[in-house]
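Data file: work33.cif. Format and content: mmCIF, C-alpha atoms.
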data_data
loop_
_atom_site.label_atom_id
_atom_site.label_comp_id
_atom_site.auth_asym_id
_atom_site.auth_seq_id
_atom_site.Cartn_x
_atom_site.Cartn_y
_atom_site.Cartn_z
CA MET A 1 -27.69 -19.23 -12.86
CA ASP A 2 -28.30 -21.61 -10.02
CA ARG A 3 -25.54 -24.13 -10.57
CA ILE A 4 -22.00 -24.28 -11.83
CA PRO A 5 -21.43 -26.61 -14.83
CA ILE A 6 -19.15 -29.59 -14.40
CA LEU A 7 -17.44 -30.70 -17.61
CA ARG A 8 -16.02 -34.14 -18.18
CA MET A 9 -12.74 -34.66 -20.04
CA GLY A 10 -11.77 -38.31 -20.11
CA ASP A 11 -11.48 -39.27 -16.50
CA LEU A 12 -11.04 -35.69 -15.36
CA LEU A 13 -13.74 -33.32 -14.23
CA LEU A 14 -13.40 -29.62 -14.98
CA VAL A 15 -15.15 -27.01 -12.90
CA THR A 16 -14.82 -23.38 -13.92
CA ILE A 17 -16.17 -20.89 -11.45
CA GLN A 18 -17.03 -17.78 -13.42
CA VAL A 19 -19.62 -16.13 -11.22
CA ASP A 20 -19.52 -14.67 -7.74
CA MET A 21 -19.67 -17.56 -5.34
CA HIS A 22 -22.36 -17.39 -2.76
CA ASP A 23 -22.96 -19.92 -0.07
CA ARG A 24 -25.84 -21.83 -1.61
CA LEU A 25 -24.05 -22.07 -4.95
CA ALA A 26 -21.02 -23.48 -3.16
CA MET A 27 -23.11 -26.13 -1.41
CA THR A 28 -24.82 -27.11 -4.65
CA LEU A 29 -21.44 -27.41 -6.35
CA GLN A 30 -20.15 -29.65 -3.58
CA ASP A 31 -23.20 -31.87 -3.95
CA ASP A 32 -23.00 -32.05 -7.75
CA LEU A 33 -19.27 -32.63 -7.79
CA THR A 34 -19.28 -35.56 -5.37
CA ASN A 35 -22.16 -37.12 -7.29
CA ARG A 36 -20.36 -36.70 -10.60
CA ILE A 37 -17.08 -38.14 -9.28
CA VAL A 38 -18.90 -41.32 -8.33
CA GLN A 39 -21.05 -41.40 -11.46
CA ASP A 40 -18.19 -40.82 -13.93
CA GLN A 41 -15.55 -42.63 -11.88
CA ALA A 42 -13.34 -39.57 -12.24
CA LYS A 43 -9.72 -39.75 -11.14
CA GLY A 44 -9.02 -36.07 -11.10
CA VAL A 45 -10.84 -32.79 -10.52
CA LEU A 46 -9.69 -29.42 -11.78
CA ILE A 47 -11.26 -26.39 -10.13
CA ASP A 48 -10.50 -23.19 -12.00
CA ILE A 49 -10.97 -20.15 -9.79
CA SER A 50 -9.19 -17.60 -11.97
CA ALA A 51 -12.35 -15.52 -12.25
CA LEU A 52 -12.90 -15.51 -8.50
CA ASP A 53 -11.62 -12.28 -7.00
CA VAL A 54 -13.34 -12.30 -3.63
CA VAL A 55 -13.25 -15.11 -1.09
CA ASP A 56 -14.48 -15.45 2.45
CA THR A 57 -13.83 -18.11 5.06
CA PHE A 58 -16.84 -20.10 3.92
CA ILE A 59 -15.66 -20.36 0.30
CA GLY A 60 -12.13 -21.10 1.48
CA ARG A 61 -13.38 -23.90 3.69
CA MET A 62 -15.62 -25.18 0.93
CA ILE A 63 -12.64 -25.48 -1.46
CA SER A 64 -10.68 -27.29 1.21
CA ASN A 65 -13.61 -29.59 2.01
CA THR A 66 -14.32 -30.36 -1.63
CA ALA A 67 -10.69 -31.45 -2.08
CA ALA A 68 -10.93 -33.68 0.99
CA MET A 69 -14.19 -35.24 -0.23
CA ALA A 70 -12.71 -35.91 -3.67
CA ARG A 71 -9.72 -37.53 -2.02
CA VAL A 72 -12.01 -39.85 -0.09
CA LEU A 73 -13.60 -40.78 -3.43
CA ASP A 74 -10.11 -41.46 -4.86
CA ALA A 75 -9.88 -38.40 -7.09
CA THR A 76 -7.09 -35.83 -6.91
CA THR A 77 -8.19 -32.22 -6.80
CA VAL A 78 -6.11 -29.42 -8.28
CA VAL A 79 -7.12 -25.80 -7.70
CA VAL A 80 -5.84 -23.63 -10.53
CA GLY A 81 -5.57 -19.94 -11.36
CA MET A 82 -5.87 -18.40 -7.93
CA GLN A 83 -5.52 -14.60 -8.00
CA PRO A 84 -2.78 -13.00 -5.86
CA ALA A 85 -5.33 -11.08 -3.79
CA VAL A 86 -7.27 -14.27 -3.11
CA ALA A 87 -4.09 -16.13 -2.11
CA ILE A 88 -3.10 -13.35 0.28
CA THR A 89 -6.59 -13.22 1.77
CA LEU A 90 -6.71 -16.96 2.37
CA VAL A 91 -3.27 -16.99 3.99
CA GLU A 92 -4.17 -14.03 6.20
CA MET A 93 -7.32 -15.85 7.28
CA GLY A 94 -5.17 -18.82 8.22
CA LEU A 95 -6.59 -21.01 5.45
CA SER A 96 -3.51 -22.17 3.58
CA LEU A 97 -5.44 -25.20 2.21
CA PRO A 98 -3.10 -27.99 3.25
CA GLY A 99 -3.67 -31.12 1.19
CA VAL A 100 -5.02 -29.20 -1.79
CA ARG A 101 -2.83 -29.30 -4.89
CA THR A 102 -2.48 -26.04 -6.75
CA ALA A 103 -1.29 -24.95 -10.17
CA LEU A 104 -0.86 -21.64 -11.92
CA ASN A 105 -3.22 -22.32 -14.81
CA ILE A 106 -5.37 -25.05 -16.39
CA GLU A 107 -2.50 -26.26 -18.55
CA ARG A 108 -0.20 -26.79 -15.59
CA GLY A 109 -3.03 -28.37 -13.63
CA MET A 110 -3.72 -30.87 -16.42
CA ALA A 111 -0.01 -31.70 -16.62
CA LEU A 112 0.08 -32.25 -12.88
CA LEU A 113 -2.96 -34.55 -12.93
CA GLY A 114 -1.69 -36.43 -16.02
CA LYS A 115 1.67 -37.03 -14.38
CA ARG A 116 0.13 -38.35 -11.21
CA TYR A 117 -2.32 -40.56 -13.03
CA HIS A 118 0.25 -42.23 -15.24
CA GLU A 119 2.77 -42.86 -12.47
CA MET B 1 0.88 45.82 32.04
CA ASN B 2 -0.68 46.57 28.70
CA HIS B 3 0.43 44.10 26.04
CA HIS B 4 -0.69 46.30 23.24
CA ASP B 5 1.48 49.20 24.37
CA ASP B 6 4.46 46.89 24.89
CA ALA B 7 4.05 45.49 21.43
CA SER B 8 3.82 48.81 19.67
CA ARG B 9 6.74 50.24 21.67
CA ILE B 10 8.99 47.27 20.81
CA SER B 11 7.83 47.39 17.23
CA ALA B 12 8.78 51.06 17.09
CA THR B 13 12.23 50.32 18.53
CA ILE B 14 12.85 47.56 15.99
CA GLY B 15 11.62 49.78 13.18
CA LYS B 16 13.87 52.61 14.30
CA TYR B 17 17.06 50.57 14.43
CA GLN B 18 16.20 48.04 11.78
CA SER B 19 19.32 48.34 9.65
CA GLU B 20 21.71 48.41 12.64
CA LEU B 21 19.95 45.42 14.16
CA LEU B 22 20.32 43.54 10.92
CA GLU B 23 24.07 44.24 10.72
CA ASP B 24 24.68 43.21 14.33
CA TRP B 25 22.55 40.11 14.00
CA VAL B 26 24.33 38.92 10.87
CA ALA B 27 27.72 39.67 12.47
CA ASN B 28 26.63 37.70 15.53
CA LEU B 29 25.62 34.73 13.41
CA LYS B 30 28.84 34.96 11.46
CA GLN B 31 30.86 34.36 14.62
CA GLN B 32 28.89 31.31 15.65
CA MET B 33 28.81 29.51 12.37
CA ILE B 34 31.61 27.28 11.25
CA ARG B 35 30.97 27.36 7.53
CA PHE B 36 30.09 30.80 6.35
CA ASP B 37 30.75 31.43 2.68
CA ALA B 38 29.38 34.26 0.58
CA ALA B 39 26.28 32.34 -0.51
CA ALA B 40 25.40 31.36 3.03
CA GLU B 41 25.89 34.93 4.22
CA GLN B 42 23.62 36.24 1.54
CA ALA B 43 20.92 33.71 2.38
CA THR B 44 21.20 34.41 6.10
CA ARG B 45 21.07 38.16 5.55
CA ARG B 46 17.96 37.77 3.44
CA HIS B 47 16.29 35.61 6.08
CA CYS B 48 17.23 38.03 8.87
CA SER B 49 15.88 41.09 7.12
CA GLN B 50 12.68 39.33 6.14
CA LEU B 51 12.16 38.11 9.68
CA LEU B 52 12.77 41.55 11.17
CA GLU B 53 10.33 43.08 8.72
CA LEU B 54 7.63 40.52 9.43
CA MET B 55 8.14 40.65 13.20
CA CYS B 56 7.75 44.40 13.11
CA SER B 57 4.45 44.20 11.30
CA ALA B 58 3.24 41.37 13.52
CA LEU B 59 4.07 43.37 16.64
CA ARG B 60 2.24 46.36 15.27
CA GLN B 61 -0.93 44.30 15.35
CA GLY B 62 -0.50 44.07 19.10
CA GLU B 63 -0.49 40.37 19.78
CA ILE B 64 2.72 39.65 21.63
CA ASP B 65 1.99 36.70 23.90
CA ASN B 66 0.40 34.40 21.38
CA ILE B 67 2.57 33.47 18.41
CA GLU B 68 -0.07 30.97 17.32
CA GLY B 69 -2.37 33.90 16.53
CA ARG B 70 -3.26 35.12 13.08
CA GLY B 71 -1.04 38.17 13.35
CA TRP B 72 2.01 35.90 13.39
CA ASP B 73 0.98 33.80 10.41
CA GLU B 74 3.60 35.30 8.11
CA VAL B 75 6.37 35.06 10.70
CA ARG B 76 5.54 31.41 11.33
CA HIS B 77 5.45 30.78 7.61
CA LEU B 78 8.91 32.27 7.13
CA LEU B 79 10.36 30.37 10.09
CA THR B 80 8.88 27.12 8.73
CA GLU B 81 10.56 27.80 5.41
CA ILE B 82 13.91 28.54 7.05
CA SER B 83 13.71 25.49 9.30
CA GLN B 84 12.82 23.15 6.48
CA GLU B 85 15.58 24.50 4.29
CA ARG B 86 18.10 24.01 7.08
CA ALA B 87 16.82 20.53 7.84
CA ARG B 88 17.38 19.59 4.22
CA GLN B 89 20.89 21.03 4.32
CA GLY B 90 21.65 18.93 7.38
CA SER B 91 22.19 21.54 10.10
CA THR B 92 21.31 20.74 13.69
CA PRO B 93 18.13 21.95 15.41
CA SER B 94 20.17 24.03 17.87
CA GLU B 95 21.84 25.87 14.98
CA THR B 96 18.42 26.80 13.69
CA ALA B 97 17.27 27.88 17.16
CA ILE B 98 20.44 29.92 17.66
CA PHE B 99 19.58 31.73 14.46
CA VAL B 100 16.57 33.20 16.25
CA PHE B 101 18.20 33.55 19.68
CA SER B 102 21.08 35.59 18.24
CA LEU B 103 18.70 38.48 17.71
CA LYS B 104 18.47 38.97 21.48
CA GLN B 105 21.82 40.58 22.07
CA PRO B 106 21.63 43.27 19.37
CA LEU B 107 18.04 44.00 20.33
CA PHE B 108 18.86 44.34 24.04
CA THR B 109 21.72 46.70 23.23
CA ARG B 110 19.37 48.95 21.28
CA LEU B 111 16.79 48.83 24.06
CA ARG B 112 19.42 49.92 26.54
CA THR B 113 20.22 53.02 24.53
CA GLU B 114 16.54 53.69 23.87
CA HIS B 115 15.34 53.40 27.49
CA ALA B 116 18.60 54.50 29.15
CA GLN B 117 16.82 56.38 31.93
CA LYS B 118 13.79 54.14 32.43
CA THR B 119 15.02 50.98 34.12
CA GLU B 120 11.58 49.55 34.77
CA LEU B 121 10.54 49.92 31.19
CA LEU B 122 13.82 48.37 30.07
CA ALA B 123 13.36 45.34 32.31
CA ASP B 124 9.78 44.89 31.08
CA ASP B 125 10.77 45.04 27.45
CA VAL B 126 13.73 42.71 27.89
CA TRP B 127 11.43 40.17 29.51
CA THR B 128 8.77 40.49 26.81
CA ILE B 129 11.30 40.08 24.02
CA THR B 130 13.02 37.15 25.72
CA THR B 131 9.71 35.31 26.03
CA LEU B 132 8.79 36.11 22.45
CA LEU B 133 12.10 35.04 20.94
CA ASP B 134 12.20 31.89 23.06
CA LYS B 135 8.81 30.94 21.71
CA LEU B 136 9.91 31.60 18.15
CA GLY B 137 13.12 29.64 18.70
CA LEU B 138 11.24 26.65 20.08
CA PHE B 139 8.87 26.88 17.16
CA THR B 140 11.77 26.46 14.74
CA VAL B 141 12.97 23.41 16.67
CA GLU B 142 9.50 21.92 16.44
CA ILE B 143 9.30 22.52 12.70
CA PHE B 144 12.82 21.17 12.31
CA GLN B 145 11.79 17.97 14.05
CA LYS B 146 8.69 17.71 11.91
CA SER B 147 10.53 18.09 8.63
CA ARG B 148 13.15 15.61 9.83
CA ASN B 149 10.39 13.09 10.50
CA GLN B 150 8.96 13.72 7.05
CA ILE B 151 12.36 13.05 5.50
CA ILE B 152 12.69 9.81 7.49
CA ALA B 153 9.21 8.66 6.49
CA ARG B 154 9.94 9.37 2.84
CA GLN B 155 13.22 7.49 2.97
CA GLN B 156 11.52 4.52 4.58
CA GLN B 157 8.99 4.48 1.79
CA GLU B 158 11.75 4.62 -0.83
CA LEU B 159 13.65 1.86 0.91
CA LEU B 160 10.53 -0.27 0.90
CA GLU B 161 10.15 0.10 -2.84
CA LEU B 162 13.82 -0.34 -3.58
CA SER B 163 14.52 -3.37 -1.52
CA THR B 164 12.02 -5.88 -2.83
CA PRO B 165 12.96 -6.83 -6.36
CA VAL B 166 11.73 -10.07 -7.91
CA VAL B 167 14.07 -11.29 -10.65
CA LYS B 168 13.62 -13.98 -13.22
CA LEU B 169 16.58 -16.37 -13.02
CA TRP B 170 15.56 -18.85 -15.67
CA GLN B 171 12.49 -19.95 -17.48
CA ASN B 172 9.91 -20.74 -14.79
CA ILE B 173 12.32 -19.82 -11.99
CA LEU B 174 12.09 -16.60 -9.97
CA ALA B 175 14.44 -15.31 -7.30
CA LEU B 176 13.50 -12.97 -4.48
CA PRO B 177 16.60 -11.63 -2.73
CA LEU B 178 15.47 -10.16 0.57
CA ILE B 179 17.59 -7.40 2.12
CA GLY B 180 16.89 -6.01 5.59
CA THR B 181 14.48 -6.87 8.34
CA LEU B 182 11.08 -8.22 7.37
CA ASP B 183 8.21 -6.50 9.10
CA SER B 184 4.51 -6.83 8.35
CA ALA B 185 4.39 -3.91 5.93
CA ARG B 186 7.38 -5.17 3.95
CA THR B 187 6.09 -8.73 3.90
CA GLN B 188 2.90 -7.44 2.37
CA VAL B 189 4.84 -5.65 -0.39
CA VAL B 190 7.13 -8.64 -0.94
CA MET B 191 4.18 -11.03 -1.11
CA GLU B 192 2.28 -8.88 -3.58
CA ASN B 193 5.35 -8.38 -5.79
CA LEU B 194 6.12 -12.09 -5.82
CA LEU B 195 2.57 -13.17 -6.61
CA GLU B 196 2.21 -10.58 -9.37
CA LYS B 197 5.48 -11.75 -10.89
CA ILE B 198 4.41 -15.39 -10.70
CA ILE B 199 1.33 -14.58 -12.74
CA GLU B 200 3.33 -12.42 -15.13
CA THR B 201 6.07 -14.96 -15.85
CA GLY B 202 4.15 -18.17 -15.19
CA ALA B 203 6.93 -19.30 -12.88
CA ALA B 204 6.67 -22.66 -11.14
CA ILE B 205 9.44 -22.17 -8.59
CA ALA B 206 10.46 -19.17 -6.52
CA ILE B 207 13.72 -19.01 -4.59
CA ILE B 208 13.56 -16.76 -1.54
CA ASP B 209 17.10 -15.75 -0.64
CA ILE B 210 17.47 -14.48 2.91
CA THR B 211 21.22 -13.79 2.88
CA GLY B 212 20.47 -10.11 3.49
CA VAL B 213 18.06 -10.64 6.37
CA PRO B 214 20.03 -9.83 9.54
CA THR B 215 17.90 -11.74 12.03
CA VAL B 216 15.14 -14.28 11.78
CA ASP B 217 12.80 -14.36 14.76
CA THR B 218 9.44 -16.08 15.06
CA LEU B 219 7.66 -13.13 13.47
CA VAL B 220 9.95 -12.99 10.45
CA ALA B 221 9.68 -16.77 10.08
CA GLN B 222 5.91 -16.52 10.21
CA HIS B 223 5.98 -13.85 7.51
CA LEU B 224 8.18 -16.06 5.35
CA LEU B 225 5.86 -19.01 5.81
CA LYS B 226 2.87 -16.85 4.90
CA THR B 227 4.56 -15.76 1.68
CA ILE B 228 5.39 -19.38 0.87
CA ALA B 229 1.81 -20.49 1.59
CA ALA B 230 0.41 -17.78 -0.67
CA ALA B 231 2.79 -18.72 -3.48
CA ARG B 232 1.83 -22.35 -3.08
CA LEU B 233 -1.85 -21.48 -3.36
CA MET B 234 -1.03 -20.03 -6.74
CA GLY B 235 0.74 -23.18 -7.76
CA ALA B 236 4.36 -22.12 -7.27
CA ASP B 237 6.80 -23.93 -4.98
CA CYS B 238 9.23 -21.96 -2.85
CA ILE B 239 12.79 -22.71 -1.83
CA ILE B 240 14.46 -20.76 0.96
CA SER B 241 18.18 -20.17 0.44
CA GLY B 242 20.99 -18.18 1.99
CA ILE B 243 20.48 -19.40 5.52
CA ARG B 244 23.52 -18.40 7.56
CA PRO B 245 24.80 -20.67 10.34
CA GLN B 246 23.62 -18.35 13.12
CA ILE B 247 20.18 -18.14 11.55
CA ALA B 248 19.95 -21.92 11.28
CA GLN B 249 20.74 -22.07 15.00
CA THR B 250 18.17 -19.42 15.87
CA ILE B 251 15.48 -21.11 13.80
CA VAL B 252 15.98 -24.42 15.60
CA HIS B 253 16.23 -22.81 19.04
CA LEU B 254 13.00 -20.91 18.45
CA GLY B 255 11.28 -24.09 17.36
CA VAL B 256 10.18 -22.63 14.03
CA ASN B 257 8.85 -25.38 11.81
CA LEU B 258 10.42 -25.19 8.35
CA GLU B 259 10.02 -28.92 7.74
CA ASP B 260 7.58 -28.50 4.86
CA VAL B 261 9.82 -26.04 3.04
CA VAL B 262 12.85 -26.92 0.97
CA THR B 263 15.81 -25.03 2.41
CA LYS B 264 19.29 -24.67 0.96
CA ALA B 265 22.43 -23.02 2.27
CA THR B 266 23.21 -21.01 -0.84
CA LEU B 267 21.34 -19.55 -3.77
CA ALA B 268 23.45 -21.72 -6.11
CA ASP B 269 22.26 -24.93 -4.45
CA ALA B 270 18.66 -23.75 -4.59
CA PHE B 271 19.06 -22.88 -8.25
CA VAL B 272 20.29 -26.39 -9.07
CA VAL B 273 17.27 -27.90 -7.31
CA ALA B 274 14.96 -25.53 -9.16
CA LEU B 275 16.53 -26.44 -12.50
CA GLU B 276 16.11 -30.14 -11.77
CA ARG B 277 12.47 -29.67 -10.89
CA THR B 278 11.72 -27.72 -14.04
CA GLY B 279 13.46 -30.40 -16.07
CA ALA B 280 16.51 -28.40 -17.07
CA ALA B 281 20.09 -29.48 -16.44
CA ILE B 282 23.47 -27.83 -16.37
CA HIS B 283 26.01 -29.31 -18.74
CA TYR B 284 29.72 -28.52 -18.61
CA ASN B 285 31.57 -28.44 -21.90
CA LYS B 286 34.68 -30.60 -21.80
CA ALA B 287 36.74 -28.06 -23.69
CA GLY B 288 35.85 -25.38 -21.20
CA ALA B 289 36.58 -27.47 -18.11
CA LYS B 290 39.81 -26.82 -16.28
CA GLY B 291 42.27 -29.68 -16.46
#

Before we go any further, please render this structure as structure tokens.
Amino acid sequence: MDRIPILRMGDLLLVTIQVDMHDRLAMTLQDDLTNRIVQDQAKGVLIDISALDVVDTFIGRMISNTAAMARVLDATTVVVGMQPAVAITLVEMGLSLPGVRTALNIERGMALLGKRYHE
Amino acid sequence: MNHHDDASRISATIGKYQSELLEDWVANLKQQMIRFDAAAEQATRRHCSQLLELMCSALRQGEIDNIEGRGWDEVRHLLTEISQERARQGSTPSETAIFVFSLKQPLFTRLRTEHAQKTELLADDVWTITTLLDKLGLFTVEIFQKSRNQIIARQQQELLELSTPVVKLWQNILALPLIGTLDSARTQVVMENLLEKIIETGAAIAIIDITGVPTVDTLVAQHLLKTIAAARLMGADCIISGIRPQIAQTIVHLGVNLEDVVTKATLADAFVVALERTGAAIHYNKAGAKG
């Protein structure tokens, strides 16, 4: 598997990371995602990382960067389903992802994006 | 001076007067102890006779200047047992040491009768026994200290587990009442508990109540902020409540930045905010209201 699928739901994009992230995969995802935001004129991006149980600084930074890029393209990013161990690791590494919205699960993330979009 | 001869001679003396020594020793201990009921006397007597027995056999093996040696294994084992038992019962280390030191007097008395004519021999033996018993006494103190430390470590562990409950206050609302000082190890436990509970209950808001935290310094504040950041990464907002006036002053004086965190003076205030955010409201019944 050399890329992570990006699903479109209305004007939202859904990215579910279900494999171990390695650096090249992360870069490809960043590329694809920014392209798709522009192409589909998406207003929101949901990144589901519930299956991700190991992170390093690179992945942490990549999540943070992706959110910033999406913001520049006028799409709100919500990271959902982070595992406790991952959250603790990121905080201990000093990456508390400021500016990235978070939600407990996909459902909550959708609600969050829907609320923001309709306001 | 031949250690081996000394050892066997002393061993012979102890063996010869064993029962008298035991009586004197127990009587000696009886005088020094404050509480001395029948059960305690029985236990002490048993310990004394065991120790005498084991010392005798250890001495017979000839090692007298090295209580770390293999010949003294059983004696050390017994002393460890006695020390640990006493540590659990709450007696002081000196009481335990005195238990061993009290053997000196009866033993010296017997030596005096045994070597009445041979002063040099008497002096030698007295010295040897003093050194030996001092070593054994110090050994009990050491063991006492060790078992005390073990007890303290165990209690700390228990305290750690007891003092970090995460309770569900309402649908989607968790409370985390913190009691005691927050150090790194506790923060880790608190953080893990909170995050696990967030997943388990699907909570959207967690109230961290610090009424029971005696002091908040920069380190504690940093730990709090870390916990809040981790909870936020999982999609749960945190509210800090129970900030006492002194703590508010300290936080400002230290320049800790709590700007990004919602803070409330009491748990009740925080709960109201949490209810509002989750879309619930408190409604007072007119009939129930006080006129």

Item to complete: For each of B:Thr140, B:His223, B:Ser94, B:Asn66, take the minimum atom-to-atom distance to chain A, counting all atoms listed in the file, then give the residue where this is smallest.
Response: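 Nearest candidate to chain A out of B:Thr140, B:His223, B:Ser94, B:Asn66: B:His223.
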
Item to complete: Report as a ChimeraX atom specification the full result of the PyMOL selection byres ((chain B) within 6 of (chain A)) when it is applied to this structure.
Response: /B:195,229-230,233-235

Practice prompt. Calculate how many Å separate atom CA of Glu158 of chain B from atom CA of Ile243 of chain B, rounding to one decimal.
Written response: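 Spanning atom CA of Glu158 of chain B to atom CA of Ile243 of chain B is a straight-line distance of 26.3 Å.
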
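The coordinates place atom CA of Arg36 of chain A at 21.4 Å from atom CA of Gly60 of chain A.
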
Fill in: Straight-line distance linking atom CA of Ala123 of chain B with atom CA of Glu23 of chain B, stated in Å to one decimal
24.1 Å

My structure is short of atoms at segment 3-18 of chain A; please model N, CA and C atoms there, returning them as a PDB file, keeping the file's coordinate frame.
ATOM      1  N   ARG A   3     -26.610 -23.172 -10.833  1.00  0.00           N
ATOM      2  CA  ARG A   3     -25.540 -24.130 -10.570  1.00  0.00           C
ATOM      3  C   ARG A   3     -24.359 -23.948 -11.505  1.00  0.00           C
ATOM      4  N   ILE A   4     -23.215 -24.439 -11.056  1.00  0.00           N
ATOM      5  CA  ILE A   4     -22.000 -24.280 -11.830  1.00  0.00           C
ATOM      6  C   ILE A   4     -21.791 -25.546 -12.660  1.00  0.00           C
ATOM      7  N   PRO A   5     -21.571 -25.419 -13.988  1.00  0.00           N
ATOM      8  CA  PRO A   5     -21.430 -26.610 -14.830  1.00  0.00           C
ATOM      9  C   PRO A   5     -20.162 -27.400 -14.507  1.00  0.00           C
ATOM     10  N   ILE A   6     -20.306 -28.713 -14.600  1.00  0.00           N
ATOM     11  CA  ILE A   6     -19.150 -29.590 -14.400  1.00  0.00           C
ATOM     12  C   ILE A   6     -18.906 -30.324 -15.712  1.00  0.00           C
ATOM     13  N   LEU A   7     -17.732 -30.106 -16.308  1.00  0.00           N
ATOM     14  CA  LEU A   7     -17.440 -30.700 -17.610  1.00  0.00           C
ATOM     15  C   LEU A   7     -16.562 -31.934 -17.436  1.00  0.00           C
ATOM     16  N   ARG A   8     -16.824 -32.926 -18.281  1.00  0.00           N
ATOM     17  CA  ARG A   8     -16.020 -34.140 -18.180  1.00  0.00           C
ATOM     18  C   ARG A   8     -15.014 -34.196 -19.325  1.00  0.00           C
ATOM     19  N   MET A   9     -13.769 -34.491 -19.019  1.00  0.00           N
ATOM     20  CA  MET A   9     -12.740 -34.660 -20.040  1.00  0.00           C
ATOM     21  C   MET A   9     -12.012 -35.954 -19.747  1.00  0.00           C
ATOM     22  N   GLY A  10     -12.372 -37.012 -20.420  1.00  0.00           N
ATOM     23  CA  GLY A  10     -11.770 -38.310 -20.110  1.00  0.00           C
ATOM     24  C   GLY A  10     -12.131 -38.694 -18.697  1.00  0.00           C
ATOM     25  N   ASP A  11     -11.135 -38.972 -17.885  1.00  0.00           N
ATOM     26  CA  ASP A  11     -11.480 -39.270 -16.500  1.00  0.00           C
ATOM     27  C   ASP A  11     -11.191 -38.087 -15.570  1.00  0.00           C
ATOM     28  N   LEU A  12     -11.177 -36.900 -16.188  1.00  0.00           N
ATOM     29  CA  LEU A  12     -11.040 -35.690 -15.360  1.00  0.00           C
ATOM     30  C   LEU A  12     -12.356 -34.937 -15.360  1.00  0.00           C
ATOM     31  N   LEU A  13     -12.586 -34.209 -14.273  1.00  0.00           N
ATOM     32  CA  LEU A  13     -13.740 -33.320 -14.230  1.00  0.00           C
ATOM     33  C   LEU A  13     -13.228 -31.885 -14.158  1.00  0.00           C
ATOM     34  N   LEU A  14     -13.855 -31.010 -14.940  1.00  0.00           N
ATOM     35  CA  LEU A  14     -13.400 -29.620 -14.980  1.00  0.00           C
ATOM     36  C   LEU A  14     -14.510 -28.700 -14.470  1.00  0.00           C
ATOM     37  N   VAL A  15     -14.184 -27.951 -13.459  1.00  0.00           N
ATOM     38  CA  VAL A  15     -15.150 -27.010 -12.900  1.00  0.00           C
ATOM     39  C   VAL A  15     -14.578 -25.602 -13.052  1.00  0.00           C
ATOM     40  N   THR A  16     -15.279 -24.761 -13.769  1.00  0.00           N
ATOM     41  CA  THR A  16     -14.820 -23.380 -13.920  1.00  0.00           C
ATOM     42  C   THR A  16     -15.791 -22.459 -13.223  1.00  0.00           C
ATOM     43  N   ILE A  17     -15.297 -21.794 -12.195  1.00  0.00           N
ATOM     44  CA  ILE A  17     -16.170 -20.890 -11.450  1.00  0.00           C
ATOM     45  C   ILE A  17     -16.045 -19.505 -12.062  1.00  0.00           C
ATOM     46  N   GLN A  18     -17.120 -19.052 -12.711  1.00  0.00           N
ATOM     47  CA  GLN A  18     -17.030 -17.780 -13.420  1.00  0.00           C
ATOM     48  C   GLN A  18     -18.023 -16.757 -12.900  1.00  0.00           C
TER      49      GLN A  18
END
